[in-house]
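Colleague: Pasting run_24.txt here (compact mmCIF, C-alpha atoms and all ligand atoms):
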# COMPACT_ATOMS: atom_id res chain seq x y z
CA MET A 1 -53.79 54.37 54.91
CA LYS A 2 -52.10 51.88 52.73
CA LYS A 3 -54.05 50.49 49.82
CA ARG A 4 -55.11 46.93 50.44
CA ILE A 5 -53.78 44.39 47.99
CA TYR A 6 -56.62 41.92 47.52
CA GLY A 7 -57.89 39.62 44.84
CA GLN A 8 -56.08 38.56 41.71
CA LYS A 9 -55.36 41.99 40.22
CA PHE A 10 -51.70 41.96 41.21
CA GLY A 11 -49.09 39.32 40.46
CA PHE A 12 -48.36 36.36 42.73
CA SER A 13 -45.19 37.85 44.21
CA THR A 14 -46.83 41.22 44.91
CA ARG A 15 -49.65 39.46 46.73
CA ALA A 16 -47.17 37.27 48.67
CA VAL A 17 -45.55 40.48 49.94
CA HIS A 18 -48.58 42.68 50.59
CA THR A 19 -51.84 40.80 51.02
CA GLY A 20 -52.93 40.48 54.65
CA ASN A 21 -50.58 43.22 55.80
CA ASP A 22 -51.71 46.79 56.50
CA VAL A 23 -50.77 49.84 58.56
CA ASP A 24 -51.53 49.20 62.22
CA GLY A 25 -54.29 51.62 63.21
CA GLU A 26 -53.00 52.20 66.71
CA THR A 27 -49.24 52.66 66.27
CA GLY A 28 -48.89 53.50 62.59
CA ALA A 29 -46.43 50.62 62.25
CA ILE A 30 -46.34 49.36 58.68
CA ARG A 31 -46.55 45.78 59.90
CA ARG A 32 -49.66 44.42 61.55
CA PRO A 33 -48.76 43.35 65.10
CA ILE A 34 -48.86 39.92 66.65
CA THR A 35 -51.80 39.75 69.03
CA MET A 36 -51.15 37.29 71.82
CA ALA A 37 -54.53 37.34 73.52
CA ASN A 38 -57.09 34.65 74.28
CA SER A 39 -60.07 36.98 74.41
CA TYR A 40 -61.47 40.06 72.73
CA ALA A 41 -63.63 42.82 74.29
CA LEU A 42 -67.34 42.04 74.29
CA PRO A 43 -69.99 44.49 73.04
CA TYR A 44 -72.23 46.44 75.49
CA ASP A 45 -74.86 43.70 75.37
CA PRO A 46 -73.19 40.35 74.69
CA SER A 47 -76.27 38.25 75.38
CA GLU A 48 -76.96 37.85 71.67
CA MET A 49 -73.44 36.64 70.85
CA ASN A 50 -73.11 33.22 69.28
CA TRP A 51 -70.49 31.62 71.55
CA SER A 52 -69.73 29.07 68.83
CA GLY A 53 -69.54 31.63 66.05
CA ALA A 54 -66.43 32.45 64.07
CA ASP A 55 -67.52 35.75 62.55
CA LYS A 56 -66.95 38.16 65.49
CA SER A 57 -63.87 38.78 67.62
CA LEU A 58 -64.63 36.85 70.79
CA TYR A 59 -62.17 34.20 71.84
CA THR A 60 -59.06 33.09 69.96
CA ARG A 61 -60.40 29.58 69.36
CA ASN A 62 -63.26 31.24 67.43
CA GLY A 63 -60.66 33.06 65.33
CA GLY A 64 -57.68 35.33 66.04
CA SER A 65 -56.49 38.38 64.16
CA ASN A 66 -53.16 36.89 63.03
CA GLN A 67 -55.01 33.85 61.74
CA LYS A 68 -57.30 36.13 59.72
CA TYR A 69 -54.40 38.08 58.16
CA LEU A 70 -52.80 34.82 57.04
CA GLU A 71 -56.13 33.58 55.67
CA GLU A 72 -56.42 36.75 53.58
CA LYS A 73 -53.06 36.10 51.98
CA LEU A 74 -53.52 32.38 51.34
CA ALA A 75 -57.00 32.95 49.95
CA SER A 76 -55.54 35.44 47.50
CA LEU A 77 -52.60 33.21 46.52
CA SER A 78 -54.77 30.10 46.08
CA GLY A 79 -57.89 31.63 44.53
CA GLY A 80 -60.61 30.70 47.05
CA ASP A 81 -61.72 31.26 50.61
CA CYS A 82 -59.38 30.00 53.29
CA VAL A 83 -59.38 28.63 56.82
CA VAL A 84 -56.06 28.25 58.62
CA LEU A 85 -55.73 25.58 61.31
CA ALA A 86 -53.08 24.28 63.73
CA SER A 87 -51.30 21.88 61.35
CA GLY A 88 -51.63 20.25 57.96
CA VAL A 89 -53.21 17.25 59.64
CA ALA A 90 -55.66 19.52 61.51
CA ALA A 91 -56.63 20.88 58.08
CA LEU A 92 -57.09 17.39 56.61
CA SER A 93 -59.00 15.99 59.60
CA GLY A 94 -60.99 19.23 59.83
CA LEU A 95 -62.05 18.90 56.20
CA PHE A 96 -62.94 15.20 56.53
CA PHE A 97 -64.81 15.73 59.82
CA ALA A 98 -66.88 18.62 58.50
CA LEU A 99 -67.74 16.93 55.21
CA LEU A 100 -68.29 13.25 55.98
CA LYS A 101 -70.95 11.36 57.86
CA THR A 102 -71.81 7.71 58.51
CA GLY A 103 -72.65 5.87 55.31
CA ASP A 104 -70.59 8.11 53.05
CA HIS A 105 -67.87 6.70 50.82
CA VAL A 106 -64.45 8.23 50.14
CA VAL A 107 -62.04 7.43 47.32
CA PHE A 108 -58.44 8.40 48.05
CA SER A 109 -54.97 8.11 46.55
CA SER A 110 -52.82 5.07 47.32
CA VAL A 111 -49.93 7.50 47.86
CA THR A 112 -50.78 10.03 50.56
CA TYR A 113 -49.40 11.52 53.70
CA ILE A 114 -49.54 8.76 56.35
CA ALA A 115 -52.13 10.57 58.50
CA VAL A 116 -54.61 10.57 55.58
CA TYR A 117 -54.37 6.78 55.45
CA ARG A 118 -54.81 6.52 59.25
CA LEU A 119 -57.68 9.02 59.36
CA LEU A 120 -59.72 7.66 56.49
CA ASN A 121 -58.87 3.99 56.40
CA GLU A 122 -58.68 3.38 60.13
CA LEU A 123 -60.28 6.10 62.28
CA PHE A 124 -63.17 7.39 60.15
CA ASN A 125 -63.80 3.95 58.74
CA HIS A 126 -63.86 2.14 62.10
CA LYS A 127 -65.38 4.84 64.30
CA PHE A 128 -67.96 6.34 61.96
CA ASN A 129 -68.60 3.60 59.37
CA ILE A 130 -67.35 5.73 56.53
CA GLU A 131 -66.50 3.50 53.59
CA THR A 132 -63.12 3.96 51.91
CA THR A 133 -61.52 2.81 48.67
CA ILE A 134 -57.80 3.25 48.10
CA VAL A 135 -57.01 3.81 44.43
CA ASP A 136 -53.98 4.51 42.28
CA THR A 137 -55.35 7.91 41.24
CA GLY A 138 -52.77 8.04 38.45
CA ASP A 139 -55.12 5.56 36.75
CA LEU A 140 -58.31 7.40 35.69
CA GLU A 141 -60.18 4.19 34.88
CA ALA A 142 -59.52 2.95 38.40
CA VAL A 143 -60.88 6.23 39.82
CA GLN A 144 -63.97 5.93 37.62
CA ALA A 145 -64.49 2.31 38.69
CA ALA A 146 -64.19 3.16 42.39
CA MET A 147 -66.99 5.73 42.35
CA ARG A 148 -70.24 4.71 44.09
CA PRO A 149 -73.61 6.44 44.50
CA ASN A 150 -72.61 7.41 48.07
CA THR A 151 -69.11 8.70 47.18
CA LYS A 152 -69.01 12.06 48.91
CA LEU A 153 -65.35 12.91 48.47
CA VAL A 154 -62.37 12.06 46.29
CA HIS A 155 -59.11 13.00 48.02
CA ILE A 156 -55.88 13.03 46.04
CA GLU A 157 -52.34 14.14 46.70
CA THR A 158 -50.24 15.33 43.78
CA PRO A 159 -47.28 15.14 43.81
CA GLY A 160 -47.83 12.39 46.39
CA ASN A 161 -45.77 11.85 49.52
CA PRO A 162 -43.41 9.96 49.39
CA THR A 163 -43.26 8.50 45.86
CA LEU A 164 -43.97 11.73 43.87
CA ALA A 165 -46.88 10.02 42.10
CA ILE A 166 -48.86 12.41 39.90
CA SER A 167 -52.66 12.52 39.53
CA ASP A 168 -54.56 14.45 36.86
CA ILE A 169 -56.51 17.12 38.81
CA ARG A 170 -58.68 18.29 35.88
CA ALA A 171 -59.72 14.78 34.84
CA ILE A 172 -60.42 13.61 38.39
CA ALA A 173 -62.46 16.77 39.11
CA GLU A 174 -64.63 15.86 36.12
CA ILE A 175 -65.11 12.29 37.30
CA ALA A 176 -65.89 13.40 40.86
CA HIS A 177 -68.38 16.05 39.76
CA ALA A 178 -70.11 13.71 37.30
CA HIS A 179 -70.87 11.51 40.34
CA GLY A 180 -72.00 14.38 42.56
CA SER A 181 -68.81 14.14 44.65
CA LEU A 182 -66.30 16.76 45.76
CA LEU A 183 -62.57 16.71 45.05
CA SER A 184 -59.90 17.71 47.57
CA VAL A 185 -56.23 17.95 46.62
CA ASP A 186 -53.34 17.93 49.07
CA ASN A 187 -51.15 20.55 47.41
CA THR A 188 -48.36 20.61 49.99
CA PHE A 189 -45.54 19.34 47.71
CA ALA A 190 -46.30 21.88 44.98
CA SER A 191 -47.40 24.93 47.03
CA PRO A 192 -49.70 27.50 45.39
CA TYR A 193 -46.70 28.93 43.57
CA ASN A 194 -46.43 25.83 41.35
CA GLN A 195 -50.01 24.52 41.35
CA ARG A 196 -53.44 25.92 42.21
CA PRO A 197 -55.96 23.05 42.33
CA LEU A 198 -59.05 25.28 42.48
CA GLU A 199 -58.16 26.75 39.08
CA LEU A 200 -58.01 23.16 37.77
CA GLY A 201 -61.51 22.29 38.99
CA ALA A 202 -60.90 20.95 42.52
CA ASP A 203 -63.26 21.95 45.32
CA PHE A 204 -60.60 22.06 48.04
CA SER A 205 -56.88 22.60 48.22
CA VAL A 206 -55.17 21.51 51.44
CA GLU A 207 -51.77 22.85 52.41
CA SER A 208 -49.44 21.94 55.25
CA LEU A 209 -48.15 25.44 56.00
CA THR A 210 -45.42 23.76 58.04
CA LYS A 211 -43.66 23.01 54.76
CA TYR A 212 -43.05 25.47 51.88
CA ILE A 213 -45.45 28.25 52.84
CA ASN A 214 -43.69 28.90 56.14
CA GLY A 215 -40.47 27.58 54.68
CA HIS A 216 -38.19 28.02 57.67
CA GLY A 217 -38.82 24.85 59.67
CA ASP A 218 -39.95 26.69 62.80
CA ALA A 219 -43.76 26.63 62.89
CA MET A 220 -46.71 24.35 62.18
CA GLY A 221 -49.93 25.22 60.44
CA GLY A 222 -52.39 24.00 57.85
CA ALA A 223 -54.96 25.49 55.51
CA VAL A 224 -58.02 24.45 53.56
CA ILE A 225 -58.90 26.63 50.58
CA GLY A 226 -62.32 26.27 48.96
CA LYS A 227 -65.78 27.78 48.77
CA LYS A 228 -67.14 29.89 51.62
CA ALA A 229 -70.09 27.63 52.51
CA HIS A 230 -67.82 24.60 53.01
CA LEU A 231 -65.22 26.61 54.88
CA ASP A 232 -67.81 28.02 57.29
CA MET A 233 -68.61 24.41 58.21
CA ILE A 234 -64.94 23.61 58.76
CA ARG A 235 -64.48 26.74 60.83
CA THR A 236 -67.36 26.10 63.21
CA GLN A 237 -67.01 22.32 63.45
CA SER A 238 -63.29 21.71 63.26
CA GLN A 239 -61.83 24.95 64.55
CA VAL A 240 -64.29 26.18 67.18
CA ASN A 241 -65.72 22.87 68.38
CA LEU A 242 -62.93 20.36 67.77
CA GLY A 243 -60.39 23.02 68.72
CA GLY A 244 -57.85 22.77 65.89
CA VAL A 245 -57.09 26.50 66.01
CA ILE A 246 -53.63 27.86 65.11
CA SER A 247 -51.70 29.86 67.71
CA PRO A 248 -51.29 33.59 66.95
CA PHE A 249 -47.52 33.21 67.12
CA ASN A 250 -47.44 30.41 64.55
CA ALA A 251 -49.81 32.35 62.27
CA TRP A 252 -47.51 35.36 62.55
CA LEU A 253 -44.38 33.30 61.81
CA ILE A 254 -46.02 31.68 58.77
CA MET A 255 -47.21 35.10 57.56
CA ARG A 256 -43.60 36.28 57.74
CA GLY A 257 -42.17 33.20 56.05
CA SER A 258 -44.74 33.27 53.26
CA VAL A 259 -43.54 36.67 52.00
CA THR A 260 -40.63 34.94 50.24
CA LEU A 261 -42.59 31.90 48.99
CA PRO A 262 -42.18 32.79 45.28
CA LEU A 263 -38.43 33.42 45.59
CA ARG A 264 -37.84 30.28 47.60
CA MET A 265 -39.97 28.07 45.36
CA ARG A 266 -38.10 29.24 42.28
CA ARG A 267 -34.86 28.18 43.94
CA HIS A 268 -36.32 24.88 45.24
CA ASN A 269 -37.61 24.11 41.72
CA GLU A 270 -34.22 24.81 40.12
CA ASN A 271 -32.12 23.00 42.71
CA ALA A 272 -34.36 19.92 42.75
CA LEU A 273 -34.36 19.59 38.96
CA GLN A 274 -30.56 19.86 38.76
CA ILE A 275 -30.07 17.38 41.59
CA ALA A 276 -32.61 14.96 40.12
CA ARG A 277 -30.68 15.07 36.82
CA TYR A 278 -27.41 14.50 38.65
CA LEU A 279 -28.79 11.51 40.60
CA GLU A 280 -30.36 10.04 37.47
CA SER A 281 -26.96 10.11 35.74
CA LEU A 282 -25.29 7.91 38.40
CA SER A 283 -25.04 4.15 37.90
CA CYS A 284 -25.12 3.58 41.69
CA VAL A 285 -28.56 5.20 41.87
CA ARG A 286 -31.22 2.56 41.24
CA PHE A 287 -33.98 5.05 40.43
CA THR A 288 -34.79 8.75 40.75
CA ALA A 289 -38.41 9.95 40.95
CA TYR A 290 -39.03 13.63 40.25
CA PRO A 291 -41.99 14.89 38.20
CA GLY A 292 -39.74 17.38 36.39
CA LEU A 293 -37.72 14.54 34.83
CA GLU A 294 -38.85 13.37 31.39
CA SER A 295 -38.42 9.81 32.68
CA HIS A 296 -41.10 10.29 35.35
CA ARG A 297 -44.31 8.43 34.46
CA GLY A 298 -46.43 11.44 35.43
CA HIS A 299 -44.24 14.05 33.72
CA ALA A 300 -46.70 15.06 30.98
CA ILE A 301 -49.63 15.46 33.39
CA ALA A 302 -47.40 17.28 35.89
CA ALA A 303 -46.26 19.66 33.15
CA SER A 304 -49.90 20.35 32.23
CA GLN A 305 -50.93 21.35 35.76
CA MET A 306 -47.73 22.56 37.47
CA SER A 307 -46.00 25.78 36.50
CA PRO A 308 -43.38 27.18 36.56
CA GLY A 309 -41.76 24.19 38.32
CA PHE A 310 -42.18 20.82 39.98
CA GLY A 311 -41.31 21.57 43.60
CA GLY A 312 -38.33 20.69 45.75
CA VAL A 313 -38.96 17.08 46.76
CA LEU A 314 -37.64 13.99 45.00
CA ALA A 315 -37.20 10.31 45.86
CA PHE A 316 -34.32 8.00 44.98
CA GLY A 317 -32.88 4.61 45.88
CA LEU A 318 -29.31 3.40 45.84
CA ASP A 319 -28.24 0.23 44.11
CA ALA A 320 -27.16 -1.09 47.50
CA ASP A 321 -28.52 -2.90 50.56
CA HIS A 322 -30.44 -1.51 53.53
CA ASP A 323 -27.38 -0.79 55.65
CA ALA A 324 -25.56 1.04 52.84
CA HIS A 325 -28.47 3.51 52.71
CA ASN A 326 -27.98 4.26 56.42
CA ARG A 327 -24.18 4.49 56.02
CA PHE A 328 -24.64 6.92 53.14
CA VAL A 329 -26.79 9.18 55.36
CA SER A 330 -24.25 9.00 58.20
CA HIS A 331 -21.59 10.36 55.80
CA LEU A 332 -23.64 13.42 54.78
CA GLU A 333 -22.28 16.63 56.29
CA LEU A 334 -24.58 19.29 54.87
CA ILE A 335 -27.85 17.46 54.28
CA THR A 336 -29.72 16.74 57.51
CA SER A 337 -31.39 13.43 58.27
CA ALA A 338 -34.83 14.47 59.50
CA VAL A 339 -38.49 14.25 58.56
CA SER A 340 -40.45 17.19 57.19
CA LEU A 341 -39.77 19.03 53.95
CA GLY A 342 -39.94 22.46 52.38
CA HIS A 343 -37.46 23.94 54.85
CA ASP A 344 -34.63 26.28 53.90
CA GLU A 345 -32.13 23.45 54.56
CA SER A 346 -31.97 20.14 52.69
CA LEU A 347 -33.58 17.23 54.57
CA ILE A 348 -33.35 13.54 53.79
CA VAL A 349 -35.22 10.58 55.26
CA PHE A 350 -34.60 6.88 54.65
CA LEU A 351 -37.83 4.94 54.23
CA GLY A 352 -37.02 1.28 54.71
CA GLU A 353 -38.64 -1.87 53.42
CA ASN A 354 -41.13 -2.20 56.27
CA ASP A 355 -43.68 0.47 55.38
CA GLU A 356 -47.07 -1.24 55.72
CA ARG A 357 -48.29 0.65 52.63
CA GLN A 358 -45.44 -0.49 50.42
CA TYR A 359 -47.71 -2.84 48.47
CA LEU A 360 -49.50 0.29 47.25
CA TYR A 361 -46.33 1.74 45.72
CA PRO A 362 -44.65 0.90 42.38
CA PRO A 363 -42.05 -1.92 42.57
CA GLU A 364 -38.95 0.32 42.64
CA PHE A 365 -40.16 1.59 46.03
CA HIS A 366 -40.35 -1.91 47.53
CA ARG A 367 -36.70 -1.75 48.54
CA GLY A 368 -35.52 1.05 50.81
CA PHE A 369 -35.45 4.56 49.33
CA PHE A 370 -34.95 8.17 50.30
CA ARG A 371 -37.32 11.09 50.30
CA PHE A 372 -35.11 14.11 49.71
CA SER A 373 -36.33 17.67 50.27
CA VAL A 374 -33.83 19.77 48.35
CA GLY A 375 -33.10 23.01 50.19
CA LEU A 376 -31.99 26.50 49.25
CA GLU A 377 -28.25 25.91 49.58
CA ASP A 378 -25.87 26.30 46.63
CA GLU A 379 -26.56 23.46 44.25
CA GLU A 380 -22.81 22.65 43.94
CA ASP A 381 -22.56 22.21 47.71
CA ILE A 382 -25.52 19.82 47.81
CA ILE A 383 -24.06 17.78 44.95
CA ALA A 384 -20.62 17.77 46.59
CA ASP A 385 -22.18 16.46 49.81
CA LEU A 386 -23.97 13.64 47.95
CA GLU A 387 -20.80 12.83 45.98
CA ARG A 388 -18.63 12.67 49.13
CA ALA A 389 -21.12 10.46 50.98
CA LEU A 390 -21.45 8.09 48.01
CA LYS A 391 -17.64 7.75 47.87
CA LYS A 392 -17.36 7.11 51.61
CA THR A 393 -20.07 4.45 51.28
CA GLY A 394 -17.98 2.81 48.54
CA LEU A 395 -20.52 3.43 45.79
CA ARG A 396 -18.47 5.88 43.71
C1 LIG B 1 -46.41 17.20 56.18
C2 LIG B 1 -47.56 16.89 55.32
C3 LIG B 1 -48.86 16.92 55.84
C4 LIG B 1 -49.13 17.16 57.29
O1 LIG B 1 -48.83 18.46 57.71
P1 LIG B 1 -48.45 18.81 59.23
O2 LIG B 1 -48.31 20.28 59.19
O3 LIG B 1 -47.21 18.06 59.54
O4 LIG B 1 -49.58 18.36 60.09
C5 LIG B 1 -49.91 16.68 54.97
N1 LIG B 1 -49.71 16.39 53.68
C6 LIG B 1 -48.47 16.35 53.16
C7 LIG B 1 -48.31 16.03 51.70
C8 LIG B 1 -47.35 16.59 53.95
O5 LIG B 1 -46.13 16.50 53.41
How does the structure come out when it is put into structure tokens?
Modeller:
Amino acid sequence: MKKRIYGQKFGFSTRAVHTGNDVDGETGAIRRPITMANSYALPYDPSEMNWSGADKSLYTRNGGSNQKYLEEKLASLSGGDCVVLASGVAALSGLFFALLKTGDHVVFSSVTYIAVYRLLNELFNHKFNIETTIVDTGDLEAVQAAMRPNTKLVHIETPGNPTLAISDIRAIAEIAHAHGSLLSVDNTFASPYNQRPLELGADFSVESLTKYINGHGDAMGGAVIGKKAHLDMIRTQSQVNLGGVISPFNAWLIMRGSVTLPLRMRRHNENALQIARYLESLSCVRFTAYPGLESHRGHAIAASQMSPGFGGVLAFGLDADHDAHNRFVSHLELITSAVSLGHDESLIVFLGENDERQYLYPPEFHRGFFRFSVGLEDEEDIIADLERALKKTGLR
């Protein structure tokens, strides 16, 4: 039998390759198989089984083998216990649902994935009377001032989608804990390769596996990493009873994609930094936001908590009107206009002036701008594509 690669003894890349994989007991294959089954064989006397339990093989909604293999790996890469769910949003809603109850208060970042805003500020607030305060979590005094005796959770996203705003994980963990609250960090833009929130004092790290961890744009999944007691709650409430379980096939695909996470992230980090520098040098580019640029307002904090790089997503705006932004995109030949991020290919999305949350963003984002997920292509080809489209739009 192969030696199991657990824990933190081996390096990040070694764990990305090995952890969660093993020799298959039945066939001797050196890859664990995909198990497409809804149900698992019951013991001789099943009458004592907990039908809502997640600890025994029973029914795939209570936990499937491919899900468990992926959880082993992500737990090892992120330094905690892990539950994998059907999507990043299933992970976020699963965390909020398990943790919060009527009368609790939540403080969350003004820059977050849109579903966080909908879940907390609209659904949980209106349906369950959970109080919410939206704060620029780049401002520690504002975080401090927002805390109340009933603040159960502080939820931040850093770098934040879509403005790349940076929040100080260590400092906010201290504030949250001083008030008896928990801190969750949406770590999707960084991935555990560049940032591990639990090591910085956070109680939870949330990942959309759909993005960098799978990395190939062909599967959805989400994960919450944290302490076992909390994760057991998420597993029974949000996976077994709300039903946010991941499919075995998606867990298997993400397991496969995640093997190359360190290699891909290194390339994403390098490409994004070079392209951010290129965009920043152009007079037709109104602003470029990337935490790896010295000009970024969160650069020093980002550098203190992200390593070795700053991820593959940046934002920029052209010194041009709304329609010129759309014309620019129509002239791109390599870079694809589509939502999502962290795929192998470069993806760009134009976010216009009508975003209802725009008042929460810094002024440069009040006109239309792009979120650009820099892919794994040759950097010269990406730059050539941008250059050509800018020329065709009449900006260069
Ligand atoms: C995409 C994304 C999510 C949601 O993940 P899904 O897998 O699409 O449900 C959450 N947070 C961030 C920062 C994201 O970019």
Colleague: Quick one: residues within 12 Å of A:Leu395, only C-alpha atoms counted, chain neighbours fewer than 6 positions away excluded, as a list of chain:residue names?
Modeller: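 Near neighbours after the sequence-gap exclusion: A:Leu282, A:Ser283, A:Cys284, A:Val285, A:Arg286, A:Leu318, A:Asp319, A:Ala320, A:Asp321, A:Ala324, A:His325, A:Arg327, A:Phe328, A:Leu386, A:Glu387, A:Arg388, A:Ala389.
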Colleague: My list of candidates is A:Pro248, A:Leu123, A:Gly103, A:Cys82. Which is closest to A:Ala37 when distances are computed with only C-alpha atoms?
Modeller: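 Comparing A:Pro248, A:Leu123, A:Gly103, A:Cys82 against A:Ala37, the winner is A:Pro248.
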Colleague: For ligand LIG 1 (chain B), collect every residue having any atom at a distance of at most 9 Å from a ligand atom (counting all atoms listed in the file); output as a PyMOL selection string.
Modeller: chain A and resi 86-92+112-116+157-162+186-189+206-211+219-222+339-342
Colleague: Deliver the residues from the most recent selection as a file, using C-alpha atoms, as a PDB file, keeping the file's coordinate frame.
Modeller:
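Final output, again_1.pdb:
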ATOM      1  CA  ALA A  86     -53.080  24.280  63.730  1.00  0.00           C
ATOM      2  CA  SER A  87     -51.300  21.880  61.350  1.00  0.00           C
ATOM      3  CA  GLY A  88     -51.630  20.250  57.960  1.00  0.00           C
ATOM      4  CA  VAL A  89     -53.210  17.250  59.640  1.00  0.00           C
ATOM      5  CA  ALA A  90     -55.660  19.520  61.510  1.00  0.00           C
ATOM      6  CA  ALA A  91     -56.630  20.880  58.080  1.00  0.00           C
ATOM      7  CA  LEU A  92     -57.090  17.390  56.610  1.00  0.00           C
ATOM      8  CA  THR A 112     -50.780  10.030  50.560  1.00  0.00           C
ATOM      9  CA  TYR A 113     -49.400  11.520  53.700  1.00  0.00           C
ATOM     10  CA  ILE A 114     -49.540   8.760  56.350  1.00  0.00           C
ATOM     11  CA  ALA A 115     -52.130  10.570  58.500  1.00  0.00           C
ATOM     12  CA  VAL A 116     -54.610  10.570  55.580  1.00  0.00           C
ATOM     13  CA  GLU A 157     -52.340  14.140  46.700  1.00  0.00           C
ATOM     14  CA  THR A 158     -50.240  15.330  43.780  1.00  0.00           C
ATOM     15  CA  PRO A 159     -47.280  15.140  43.810  1.00  0.00           C
ATOM     16  CA  GLY A 160     -47.830  12.390  46.390  1.00  0.00           C
ATOM     17  CA  ASN A 161     -45.770  11.850  49.520  1.00  0.00           C
ATOM     18  CA  PRO A 162     -43.410   9.960  49.390  1.00  0.00           C
ATOM     19  CA  ASP A 186     -53.340  17.930  49.070  1.00  0.00           C
ATOM     20  CA  ASN A 187     -51.150  20.550  47.410  1.00  0.00           C
ATOM     21  CA  THR A 188     -48.360  20.610  49.990  1.00  0.00           C
ATOM     22  CA  PHE A 189     -45.540  19.340  47.710  1.00  0.00           C
ATOM     23  CA  VAL A 206     -55.170  21.510  51.440  1.00  0.00           C
ATOM     24  CA  GLU A 207     -51.770  22.850  52.410  1.00  0.00           C
ATOM     25  CA  SER A 208     -49.440  21.940  55.250  1.00  0.00           C
ATOM     26  CA  LEU A 209     -48.150  25.440  56.000  1.00  0.00           C
ATOM     27  CA  THR A 210     -45.420  23.760  58.040  1.00  0.00           C
ATOM     28  CA  LYS A 211     -43.660  23.010  54.760  1.00  0.00           C
ATOM     29  CA  ALA A 219     -43.760  26.630  62.890  1.00  0.00           C
ATOM     30  CA  MET A 220     -46.710  24.350  62.180  1.00  0.00           C
ATOM     31  CA  GLY A 221     -49.930  25.220  60.440  1.00  0.00           C
ATOM     32  CA  GLY A 222     -52.390  24.000  57.850  1.00  0.00           C
ATOM     33  CA  VAL A 339     -38.490  14.250  58.560  1.00  0.00           C
ATOM     34  CA  SER A 340     -40.450  17.190  57.190  1.00  0.00           C
ATOM     35  CA  LEU A 341     -39.770  19.030  53.950  1.00  0.00           C
ATOM     36  CA  GLY A 342     -39.940  22.460  52.380  1.00  0.00           C
TER      37      GLY A 342
END
Colleague: Interatomic distance between atom CA of A:Leu261 and atom CA of A:Ala289?
Modeller: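 Pair atom CA of A:Leu261 / atom CA of A:Ala289 returns 23.7 Å.
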Colleague: Give the answer as one residue: which of A:Arg357, A:Gln195, A:His230, A:Thr102 has the shortest atom-to-atom distance to A:Arg118, using only C-alpha atoms?
Modeller: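 For A:Arg118, the nearest of the candidates is A:Arg357.
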Colleague: Using all atoms listed in the file, can you tell me which of A:Leu42, A:Ala142, A:Ala16, A:Leu95 comes closest to A:Ser110?
Modeller: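 Smallest distance to A:Ser110 is found for A:Ala142.
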Colleague: Measure the distance from atom CA of A:His177 to atom CA of A:Pro197 in Å and round it to one decimal.
Modeller: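 Interatomic distance here is 14.5 Å.
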Colleague: Stretch 182-199 of chain A, all listed atoms, 6 Å padding on each side: what axis-aligned box centre and edge lengths in Å to one decimal come out, as lines of an AutoDock Vina configuration file?
Modeller:
center_x = -55.9
center_y = 22.8
center_z = 44.5
size_x = 32.8
size_y = 24.2
size_z = 22.9
Colleague: With all atoms listed in the file as the counted atoms, please give the residues lying no more than 9 Å from A:Ser65, apart from itself and same-chain residues fewer than 6 positions off, as a list in words.
Modeller: Ile34, Thr35, Ser57 and Pro248 of chain A
Colleague: Select, from A:Val143, A:Ile175, A:Leu231, A:Ile166, the residue with the minimum atom-to-atom distance to A:Ala54, counting all atoms listed in the file.
Modeller: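 Closest residue, counting all atoms listed in the file: A:Leu231.
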Colleague: If I take atom CA of A:Ser337 and atom CA of A:Phe372, how far is one from the other in Å, to one decimal?
Modeller: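 Atom-to-atom, atom CA of A:Ser337 to atom CA of A:Phe372, that is 9.4 Å.
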Colleague: Considering all atoms listed in the file, state which residue in the set A:Lys227, A:His268, A:His179, A:Lys392 is at the smallest distance from A:Ala146.
Modeller: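 Checking each candidate against A:Ala146, we get A:His179 as the closest.
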Colleague: Kindly indicate which residue among A:Ile348, A:Val154, A:Leu164, A:Leu334 lies nearest to A:Pro291, using only C-alpha atoms for the distances.
Modeller: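 Checking each candidate against A:Pro291, we get A:Leu164 as the closest.
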Colleague: How close does each residue of stretch 213-284 of chain A get to stretch 344-347 of chain A, giving the shortest atom pair and distance in Å to one decimal for every residue with an atom at most 8 Å away, counting all atoms listed in the file, sorted by chain and residue number, as JSON lines?
Modeller:
{"residue": "A:Gly215", "atom": "CA", "partner": "A:Asp344", "partner_atom": "CA", "distance": 6.0}
{"residue": "A:His216", "atom": "CA", "partner": "A:Asp344", "partner_atom": "CA", "distance": 5.5}
{"residue": "A:Gly217", "atom": "CA", "partner": "A:Asp344", "partner_atom": "CA", "distance": 7.3}
Colleague: Tell me, as a tab-separated table (two decimals) with C-alpha atoms, keeping the file's coordinate frame, which residues lie within 12 Å of A:Asn121, counting all atoms listed in the file; anything in the same chain fewer than 6 positions away does not count.
Modeller:
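So part24.tsv came out as:
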chain	number	residue	atom	x	y	z
A	96	PHE	CA	-62.94	15.20	56.53
A	105	HIS	CA	-67.87	6.70	50.82
A	106	VAL	CA	-64.45	8.23	50.14
A	107	VAL	CA	-62.04	7.43	47.32
A	108	PHE	CA	-58.44	8.40	48.05
A	109	SER	CA	-54.97	8.11	46.55
A	110	SER	CA	-52.82	5.07	47.32
A	112	THR	CA	-50.78	10.03	50.56
A	114	ILE	CA	-49.54	8.76	56.35
A	115	ALA	CA	-52.13	10.57	58.50
A	127	LYS	CA	-65.38	4.84	64.30
A	128	PHE	CA	-67.96	6.34	61.96
A	129	ASN	CA	-68.60	3.60	59.37
A	130	ILE	CA	-67.35	5.73	56.53
A	131	GLU	CA	-66.50	3.50	53.59
A	132	THR	CA	-63.12	3.96	51.91
A	133	THR	CA	-61.52	2.81	48.67
A	134	ILE	CA	-57.80	3.25	48.10
A	357	ARG	CA	-48.29	0.65	52.63
Colleague: For A:Glu141, list every protein, DNA or RNA residue within 12 Å, evaluated using only C-alpha atoms, and leave out those in the same chain fewer than 4 positions away; present the list as a list of chain:residue names.
Modeller: A:Val135, A:Asp136, A:Thr137, A:Ala145, A:Ala146, A:Met147, A:Asp168, A:Ala171, A:Ile172, A:Ile175
